[in-house]
>>> print(open('run26.txt').read())   # compact mmCIF, C-alpha atoms and all ligand atoms
# COMPACT_ATOMS: atom_id res chain seq x y z
CA MET P 1 87.85 80.47 246.43
CA SER P 2 87.73 76.67 246.28
CA THR P 3 89.46 74.06 244.16
CA SER P 4 87.39 71.23 242.71
CA ASP P 5 88.93 68.78 245.16
CA GLY P 6 88.42 70.09 248.64
CA LEU P 7 90.94 72.88 249.15
CA THR P 8 89.85 76.42 249.98
CA LEU P 9 91.82 79.65 249.56
CA ARG P 10 90.82 82.33 252.05
CA PRO P 11 92.48 85.35 253.69
CA TRP P 12 94.83 84.65 256.59
CA ARG P 13 93.26 85.10 260.07
CA GLU P 14 94.75 85.70 263.50
CA GLY P 15 93.57 82.24 264.55
CA ASP P 16 95.98 80.73 262.00
CA ALA P 17 99.01 81.91 264.01
CA PRO P 18 99.81 78.49 265.55
CA ALA P 19 99.66 76.86 262.10
CA VAL P 20 102.01 79.53 260.73
CA VAL P 21 104.51 78.98 263.57
CA ALA P 22 104.37 75.21 262.95
CA ALA P 23 104.87 75.64 259.19
CA PHE P 24 107.87 77.93 259.65
CA ALA P 25 109.53 75.42 262.00
CA ALA P 26 110.40 73.28 258.94
CA PRO P 27 113.95 73.48 257.54
CA LEU P 28 114.73 76.46 255.28
CA MET P 29 111.24 77.96 255.70
CA GLU P 30 112.72 81.21 257.07
CA ARG P 31 113.64 81.97 253.44
CA GLN P 32 109.92 82.26 252.67
CA ALA P 33 109.58 85.36 254.87
CA ARG P 34 111.71 88.40 255.67
CA GLY P 35 113.04 86.61 258.74
CA PRO P 36 112.39 83.72 261.10
CA ILE P 37 108.86 83.16 262.41
CA ARG P 38 109.34 81.42 265.73
CA THR P 39 106.67 82.83 268.03
CA GLU P 40 102.95 83.46 267.85
CA GLU P 41 103.76 87.18 267.92
CA ASP P 42 105.99 86.78 264.83
CA ALA P 43 103.16 84.88 263.12
CA LEU P 44 100.56 87.52 264.00
CA ALA P 45 102.81 90.21 262.48
CA TRP P 46 103.27 88.07 259.37
CA ILE P 47 99.48 87.60 259.10
CA ALA P 48 98.77 91.32 259.75
CA GLN P 49 100.92 92.46 256.83
CA TRP P 50 98.54 91.04 254.21
CA ALA P 51 95.30 93.04 254.62
CA PRO P 52 96.94 96.47 254.03
CA LEU P 53 98.84 95.10 251.03
CA ALA P 54 95.58 93.83 249.50
CA GLU P 55 93.94 97.17 250.30
CA ALA P 56 96.78 98.88 248.38
CA ASP P 57 96.39 96.44 245.45
CA ALA P 58 100.00 95.39 246.01
CA ALA P 59 99.74 91.75 247.12
CA TYR P 60 97.07 89.14 247.75
CA ALA P 61 97.86 86.26 250.09
CA PHE P 62 95.68 83.27 250.89
CA ALA P 63 95.72 80.53 253.46
CA VAL P 64 95.13 77.18 251.81
CA THR P 65 92.83 75.13 253.98
CA ASP P 66 91.93 71.45 253.79
CA GLY P 67 88.51 69.85 254.22
CA GLU P 68 88.71 70.34 258.00
CA GLY P 69 89.52 74.06 257.73
CA ALA P 70 93.14 73.71 258.87
CA ALA P 71 95.63 76.07 257.22
CA VAL P 72 98.06 73.78 255.39
CA GLY P 73 99.67 76.20 252.98
CA HIS P 74 100.09 79.67 251.56
CA VAL P 75 99.77 81.07 248.06
CA CYS P 76 100.40 84.68 247.16
CA VAL P 77 100.52 87.04 244.22
CA SER P 78 102.69 90.03 245.09
CA ALA P 79 104.46 92.85 243.22
CA VAL P 80 101.18 93.61 241.46
CA ASP P 81 101.99 96.07 238.68
CA ARG P 82 98.97 97.67 237.04
CA ARG P 83 101.02 99.36 234.34
CA HIS P 84 102.04 96.03 232.86
CA ASP P 85 99.36 93.89 234.56
CA THR P 86 101.96 91.56 236.04
CA GLY P 87 102.47 89.84 239.39
CA TRP P 88 104.85 87.51 241.24
CA VAL P 89 103.60 84.19 242.60
CA SER P 90 104.93 82.34 245.64
CA TYR P 91 103.83 79.37 247.74
CA TRP P 92 104.65 77.06 250.59
CA THR P 93 102.97 74.14 252.31
CA SER P 94 103.31 72.84 255.85
CA SER P 95 105.61 69.82 255.99
CA ALA P 96 102.77 67.45 257.01
CA ALA P 97 100.76 68.44 253.91
CA ARG P 98 103.52 68.03 251.32
CA GLY P 99 103.53 65.52 248.49
CA ARG P 100 99.76 65.44 248.06
CA GLY P 101 99.35 68.03 245.32
CA VAL P 102 98.27 70.80 247.72
CA ALA P 103 100.70 73.42 246.38
CA SER P 104 100.01 72.48 242.73
CA ARG P 105 96.23 72.72 243.08
CA ALA P 106 96.27 75.87 245.20
CA THR P 107 98.75 77.64 242.91
CA ARG P 108 96.64 76.78 239.87
CA ALA P 109 93.54 78.16 241.63
CA LEU P 110 95.42 81.34 242.63
CA ALA P 111 96.70 81.85 239.08
CA ASP P 112 93.28 81.22 237.54
CA TRP P 113 91.86 83.88 239.87
CA ALA P 114 94.66 86.41 239.35
CA LEU P 115 94.48 86.11 235.55
CA THR P 116 90.69 86.59 235.51
CA GLU P 117 89.15 88.29 238.55
CA LEU P 118 92.24 90.32 239.41
CA GLY P 119 92.76 91.23 235.76
CA LEU P 120 96.47 90.47 235.48
CA HIS P 121 97.99 89.33 232.20
CA ARG P 122 101.33 87.78 233.19
CA LEU P 123 102.34 85.96 236.38
CA GLU P 124 105.96 85.10 237.12
CA LEU P 125 107.63 82.89 239.68
CA GLY P 126 111.14 81.64 240.32
CA HIS P 127 112.67 78.72 242.17
CA ARG P 128 116.20 77.64 242.99
CA THR P 129 117.34 74.96 240.58
CA ASP P 130 117.95 72.68 243.59
CA ASN P 131 114.23 72.83 244.48
CA PRO P 132 112.62 70.28 242.11
CA ALA P 133 109.38 70.16 244.12
CA SER P 134 108.84 73.86 243.47
CA CYS P 135 109.52 73.31 239.76
CA GLY P 136 106.89 70.55 239.82
CA VAL P 137 104.36 72.92 241.40
CA ALA P 138 105.06 75.61 238.79
CA LEU P 139 104.65 73.22 235.86
CA ALA P 140 101.53 71.62 237.35
CA ALA P 141 99.98 75.08 237.79
CA GLY P 142 100.60 75.99 234.14
CA PHE P 143 103.75 78.12 234.47
CA GLN P 144 106.11 77.50 231.55
CA ILE P 145 109.88 77.66 231.97
CA GLU P 146 111.30 80.87 230.50
CA GLY P 147 114.94 80.76 231.46
CA LEU P 148 117.72 80.68 234.00
CA GLU P 149 118.76 83.57 236.22
CA ARG P 150 122.33 82.75 237.16
CA ALA P 151 123.53 83.28 240.74
CA LYS P 152 120.44 85.34 241.55
CA LEU P 153 120.09 84.42 245.24
CA LYS P 154 122.61 84.25 248.07
CA TYR P 155 121.97 82.19 251.21
CA ASP P 156 124.63 81.54 253.84
CA GLY P 157 127.33 82.88 251.55
CA ARG P 158 126.45 80.53 248.67
CA ARG P 159 124.89 81.67 245.40
CA PHE P 160 121.98 79.86 243.71
CA ASP P 161 120.70 79.84 240.14
CA VAL P 162 116.97 80.50 239.77
CA GLU P 163 114.70 79.13 237.07
CA LEU P 164 112.06 81.61 235.95
CA HIS P 165 108.56 80.45 235.02
CA ALA P 166 105.58 82.45 233.79
CA ARG P 167 101.95 81.93 232.93
CA LEU P 168 99.94 84.26 230.71
CA ALA P 169 96.22 85.02 230.66
CA ALA P 170 96.22 84.10 226.98
CA PRO P 171 98.92 81.59 226.01
C1 LIG D 201 107.81 73.28 247.20
C2 LIG D 201 106.54 72.96 247.98
C3 LIG D 201 105.65 74.20 247.99
C4 LIG D 201 105.82 71.79 247.30
O1 LIG D 201 104.58 71.62 247.98
P1 LIG D 201 103.72 70.27 247.81
O2 LIG D 201 102.35 70.57 248.34
O3 LIG D 201 104.46 69.13 248.40
O4 LIG D 201 103.71 70.13 246.24
P2 LIG D 201 102.86 69.09 245.38
O5 LIG D 201 102.43 67.93 246.24
O6 LIG D 201 101.83 69.87 244.67
O7 LIG D 201 103.97 68.52 244.39
C5 LIG D 201 104.40 69.25 243.27
C6 LIG D 201 105.23 68.39 242.36
O8 LIG D 201 106.55 68.27 242.87
C7 LIG D 201 106.90 66.90 242.94
N1 LIG D 201 107.75 66.77 244.11
C8 LIG D 201 107.38 66.89 245.40
N2 LIG D 201 108.48 66.75 246.20
C9 LIG D 201 109.52 66.54 245.37
C10 LIG D 201 110.91 66.36 245.56
N3 LIG D 201 111.45 66.37 246.80
N4 LIG D 201 111.68 66.18 244.47
C11 LIG D 201 111.17 66.17 243.24
N5 LIG D 201 109.87 66.39 242.99
C12 LIG D 201 109.06 66.56 244.04
C13 LIG D 201 105.60 66.19 243.08
O9 LIG D 201 105.70 64.85 242.65
C14 LIG D 201 104.74 67.00 242.17
O10 LIG D 201 104.99 66.67 240.82
P3 LIG D 201 103.88 66.04 239.88
O11 LIG D 201 102.81 67.09 239.74
O12 LIG D 201 104.61 65.77 238.60
O13 LIG D 201 103.41 64.81 240.62
C15 LIG D 201 106.89 72.54 249.45
O14 LIG D 201 107.84 71.50 249.41
C16 LIG D 201 107.41 73.68 250.28
O15 LIG D 201 106.63 74.42 250.89
N6 LIG D 201 108.76 73.83 250.34
C17 LIG D 201 109.36 74.91 251.12
C18 LIG D 201 109.03 76.28 250.55
C19 LIG D 201 109.38 76.40 249.08
O16 LIG D 201 110.37 75.86 248.61
N7 LIG D 201 108.53 77.15 248.37
C20 LIG D 201 108.76 77.44 246.97
C21 LIG D 201 109.78 78.50 246.85
S1 LIG D 201 110.18 78.85 245.14
>>> encode(input="run26.txt", output="structure tokens", more="lines below")
Ligand SMILES: CC(C)(COP(=O)(O)OP(=O)(O)OC[C@H]1O[C@@H](n2cnc3c(N)ncnc32)[C@H](O)[C@@H]1OP(=O)(O)O)[C@@H](O)C(=O)NCCC(=O)NCCS
Amino acid sequence: MSTSDGLTLRPWREGDAPAVVAAFAAPLMERQARGPIRTEEDALAWIAQWAPLAEADAAYAFAVTDGEGAAVGHVCVSAVDRRHDTGWVSYWTSSAARGRGVASRATRALADWALTELGLHRLELGHRTDNPASCGVALAAGFQIEGLERAKLKYDGRRFDVELHARLAAP
């Protein structure tokens, strides 16, 4: 899957492990996985989880690559529910790739695909209210704000409100 401006979304590969380790070295990135990803072995396990989940129609994860083929980000639709045709969207970009619209463009491409090819009707995502960049990505990718989930997350003993966004196949 390609965006109109040079990004490609493709399945994660073992060869991406160094890029995954580098991306997870950025502050707070451990919150984007079940635990820290510090070694190539951690990254290979993180990469290996995706193929069986796609096989089970449970989650679809993509490496976002730039014009040179380097993995600079991740977009994912998980919690695929075929009863209600819903899914949960998440994303991150490597710190060197941030601020250039990579997450916005890749998330829009992922959502376009999930709401057509994958046949889902409603995609949801949530971000902490102290993460304005993530809110910007959600809005740029067509996810409207639906409301506030108070004190939904707890990190390091502190609770965080989460803003919920969603995008529908037919607005
Ligand atoms: C959030 C994240 C994915 C954004 O990635 P990115 O590739 O830099 O995003 P984009 O360049 O597409 O920018 C998205 C929007 O946020 C805005 N933005 C970027 N950084 C910002 C900041 N620190 N504060 C406010 N707005 C910001 C951009 O201007 C852009 O808005 P625009 O479309 O109105 O210009 C990235 O910072 C990241 O991976 N953070 C850690 C993981 C994370 O928080 N994931 C989301 C969890 S809900």
>>> atom_distance(input="run26.txt", atom1="CA of Met1 (chain P)", atom2="CA of Pro132 (chain P)")
27.1 Å
>>> residues_around(input="run26.txt", residues="region 35-52 of chain P", least_positions_apart="6", cutoff="8 Å", atoms="only C-alpha atoms", output="list in words")
Trp12, Arg13, Glu14, Ala17, Pro18, Val20, Val21, Phe24, Ala25, Met29, Ala59, Tyr60 and Ala61 of chain P
>>> write_last_selection(input="run26.txt", atoms="C-alpha atoms", output="PDB file, in the coordinates of the input")
ATOM      1  CA  TRP P  12      94.830  84.650 256.590  1.00  0.00           C
ATOM      2  CA  ARG P  13      93.260  85.100 260.070  1.00  0.00           C
ATOM      3  CA  GLU P  14      94.750  85.700 263.500  1.00  0.00           C
ATOM      4  CA  ALA P  17      99.010  81.910 264.010  1.00  0.00           C
ATOM      5  CA  PRO P  18      99.810  78.490 265.550  1.00  0.00           C
ATOM      6  CA  VAL P  20     102.010  79.530 260.730  1.00  0.00           C
ATOM      7  CA  VAL P  21     104.510  78.980 263.570  1.00  0.00           C
ATOM      8  CA  PHE P  24     107.870  77.930 259.650  1.00  0.00           C
ATOM      9  CA  ALA P  25     109.530  75.420 262.000  1.00  0.00           C
ATOM     10  CA  MET P  29     111.240  77.960 255.700  1.00  0.00           C
ATOM     11  CA  ALA P  59      99.740  91.750 247.120  1.00  0.00           C
ATOM     12  CA  TYR P  60      97.070  89.140 247.750  1.00  0.00           C
ATOM     13  CA  ALA P  61      97.860  86.260 250.090  1.00  0.00           C
TER      14      ALA P  61
END
>>> closest_residue(input="run26.txt", among="P:Arg100, P:Arg158, P:Arg150, P:His165", to="ligand LIG 201 (chain D)", atoms="all atoms listed in the file")
P:Arg100
>>> atom_distance(input="run26.txt", atom1="CA of Gln144 (chain P)", atom2="atom C3 of ligand LIG 201 (chain D)")
16.8 Å
>>> residues_near_ligand(input="run26.txt", ligand="ligand LIG 201 (chain D)", cutoff="6 Å", atoms="all atoms listed in the file", output="PyMOL selection string")
chain P and resi 29+91-93+98-104+126-127+132-134+136-137+140
>>> write_last_selection(input="run26.txt", atoms="C-alpha atoms", output="PDB file, in the frame of the given file")
ATOM      1  CA  MET P  29     111.240  77.960 255.700  1.00  0.00           C
ATOM      2  CA  TYR P  91     103.830  79.370 247.740  1.00  0.00           C
ATOM      3  CA  TRP P  92     104.650  77.060 250.590  1.00  0.00           C
ATOM      4  CA  THR P  93     102.970  74.140 252.310  1.00  0.00           C
ATOM      5  CA  ARG P  98     103.520  68.030 251.320  1.00  0.00           C
ATOM      6  CA  GLY P  99     103.530  65.520 248.490  1.00  0.00           C
ATOM      7  CA  ARG P 100      99.760  65.440 248.060  1.00  0.00           C
ATOM      8  CA  GLY P 101      99.350  68.030 245.320  1.00  0.00           C
ATOM      9  CA  VAL P 102      98.270  70.800 247.720  1.00  0.00           C
ATOM     10  CA  ALA P 103     100.700  73.420 246.380  1.00  0.00           C
ATOM     11  CA  SER P 104     100.010  72.480 242.730  1.00  0.00           C
ATOM     12  CA  GLY P 126     111.140  81.640 240.320  1.00  0.00           C
ATOM     13  CA  HIS P 127     112.670  78.720 242.170  1.00  0.00           C
ATOM     14  CA  PRO P 132     112.620  70.280 242.110  1.00  0.00           C
ATOM     15  CA  ALA P 133     109.380  70.160 244.120  1.00  0.00           C
ATOM     16  CA  SER P 134     108.840  73.860 243.470  1.00  0.00           C
ATOM     17  CA  GLY P 136     106.890  70.550 239.820  1.00  0.00           C
ATOM     18  CA  VAL P 137     104.360  72.920 241.400  1.00  0.00           C
ATOM     19  CA  ALA P 140     101.530  71.620 237.350  1.00  0.00           C
TER      20      ALA P 140
END
>>> closest_atom_pairs(input="run26.txt", of="region 71-106 of chain P", to="region 117-123 of chain P", cutoff="7 Å", atoms="only C-alpha atoms", output="CSV")
residue,atom,partner,partner_atom,distance
P:Asp85,CA,P:Leu120,CA,4.6
P:Thr86,CA,P:Arg122,CA,4.8
P:Gly87,CA,P:Leu123,CA,4.9
P:Trp88,CA,P:Leu123,CA,5.7
P:Val89,CA,P:Leu123,CA,6.6
>>> atom_distance(input="run26.txt", atom1="CA of Asp81 (chain P)", atom2="CA of Trp113 (chain P)")
15.9 Å
>>> closest_residue(input="run26.txt", among="P:Ala63, P:Ala169, P:Gly142, P:Ala79", to="Ala114 (chain P)", atoms="all atoms listed in the file")
P:Ala169
>>> residues_around(input="run26.txt", residues="Ala151 (chain P)", least_positions_apart="3", cutoff="7 Å", atoms="only C-alpha atoms", output="PDB file with C-alpha atoms, in the coordinates of the input")
ATOM      1  CA  ARG P 159     124.890  81.670 245.400  1.00  0.00           C
ATOM      2  CA  PHE P 160     121.980  79.860 243.710  1.00  0.00           C
ATOM      3  CA  ASP P 161     120.700  79.840 240.140  1.00  0.00           C
TER       4      ASP P 161
END
>>> residues_near_point(input="run26.txt", point="(83.2, 70.7, 253.3)", cutoff="12 Å", atoms="all atoms listed in the file", output="list in words")
Ser2, Thr3, Ser4, Asp5, Gly6, Leu7, Thr8, Thr65, Asp66, Gly67, Glu68, Gly69 and Ala70 of chain P
>>> closest_residue(input="run26.txt", among="P:Tyr155, P:Ala141, P:Gly15, P:Glu146", to="Glu30 (chain P)", atoms="all atoms listed in the file")
P:Tyr155
>>> closest_residue(input="run26.txt", among="P:Ala54, P:Leu139, P:Val162, P:Val72", to="Ser95 (chain P)", atoms="only C-alpha atoms")
P:Val72
>>> decode(input="run26.txt", residues="region 112-131 of chain P", atoms="N, CA, C and O atoms", output="CSV table (one decimal), in the first residue's frame")
chain,number,residue,atom,x,y,z
P,112,ASP,N,-8.1,4.3,5.2
P,112,ASP,CA,-8.8,4.1,3.9
P,112,ASP,C,-8.8,2.6,3.6
P,112,ASP,O,-9.9,2.1,3.1
P,113,TRP,N,-7.7,1.9,3.8
P,113,TRP,CA,-7.6,0.5,3.5
P,113,TRP,C,-8.6,-0.3,4.4
P,113,TRP,O,-9.3,-1.2,3.9
P,114,ALA,N,-8.6,0.0,5.7
P,114,ALA,CA,-9.3,-0.8,6.6
P,114,ALA,C,-10.9,-0.6,6.4
P,114,ALA,O,-11.6,-1.6,6.6
P,115,LEU,N,-11.2,0.6,6.0
P,115,LEU,CA,-12.7,0.9,5.8
P,115,LEU,C,-13.1,0.4,4.4
P,115,LEU,O,-14.3,0.5,4.1
P,116,THR,N,-12.2,0.0,3.5
P,116,THR,CA,-12.6,-0.5,2.2
P,116,THR,C,-12.2,-2.0,2.0
P,116,THR,O,-13.1,-2.9,2.2
P,117,GLU,N,-11.0,-2.2,1.8
P,117,GLU,CA,-10.5,-3.6,1.6
P,117,GLU,C,-10.8,-4.5,2.7
P,117,GLU,O,-11.2,-5.7,2.5
P,118,LEU,N,-10.5,-4.0,3.9
P,118,LEU,CA,-10.7,-4.9,5.1
P,118,LEU,C,-12.2,-5.0,5.5
P,118,LEU,O,-12.6,-5.9,6.2
P,119,GLY,N,-13.0,-4.1,5.0
P,119,GLY,CA,-14.5,-4.2,5.2
P,119,GLY,C,-15.0,-3.8,6.5
P,119,GLY,O,-16.1,-4.1,6.9
P,120,LEU,N,-14.2,-3.0,7.3
P,120,LEU,CA,-14.7,-2.5,8.6
P,120,LEU,C,-15.5,-1.2,8.4
P,120,LEU,O,-15.5,-0.6,7.3
P,121,HIS,N,-16.4,-1.0,9.4
P,121,HIS,CA,-17.3,0.2,9.3
P,121,HIS,C,-16.9,1.3,10.2
P,121,HIS,O,-17.1,2.5,9.8
P,122,ARG,N,-16.3,1.0,11.3
P,122,ARG,CA,-16.0,2.0,12.3
P,122,ARG,C,-14.6,1.8,12.9
P,122,ARG,O,-14.3,0.6,13.3
P,123,LEU,N,-13.7,2.8,12.9
P,123,LEU,CA,-12.4,2.7,13.4
P,123,LEU,C,-12.3,3.7,14.6
P,123,LEU,O,-12.7,4.8,14.5
P,124,GLU,N,-11.7,3.2,15.7
P,124,GLU,CA,-11.6,4.1,16.9
P,124,GLU,C,-10.1,4.2,17.2
P,124,GLU,O,-9.3,3.4,16.9
P,125,LEU,N,-9.8,5.3,17.9
P,125,LEU,CA,-8.5,5.5,18.5
P,125,LEU,C,-8.6,6.4,19.7
P,125,LEU,O,-9.6,7.2,19.8
P,126,GLY,N,-7.6,6.3,20.5
P,126,GLY,CA,-7.6,7.2,21.7
P,126,GLY,C,-6.2,7.7,22.0
P,126,GLY,O,-5.2,7.0,21.7
P,127,HIS,N,-6.1,9.0,22.5
P,127,HIS,CA,-4.8,9.5,22.9
P,127,HIS,C,-5.0,10.3,24.2
P,127,HIS,O,-6.0,10.8,24.5
P,128,ARG,N,-3.9,10.2,25.0
P,128,ARG,CA,-3.9,11.0,26.2
P,128,ARG,C,-4.1,12.5,25.8
P,128,ARG,O,-3.6,13.0,24.8
P,129,THR,N,-4.8,13.2,26.7
P,129,THR,CA,-5.0,14.6,26.4
P,129,THR,C,-3.8,15.5,26.4
P,129,THR,O,-3.7,16.6,25.9
P,130,ASP,N,-2.7,14.9,27.0
P,130,ASP,CA,-1.4,15.7,27.0
P,130,ASP,C,-0.5,15.2,25.8
P,130,ASP,O,0.7,15.4,25.8
P,131,ASN,N,-1.1,14.7,24.8
P,131,ASN,CA,-0.4,14.2,23.6
P,131,ASN,C,-1.0,14.9,22.3
P,131,ASN,O,-1.7,14.3,21.5
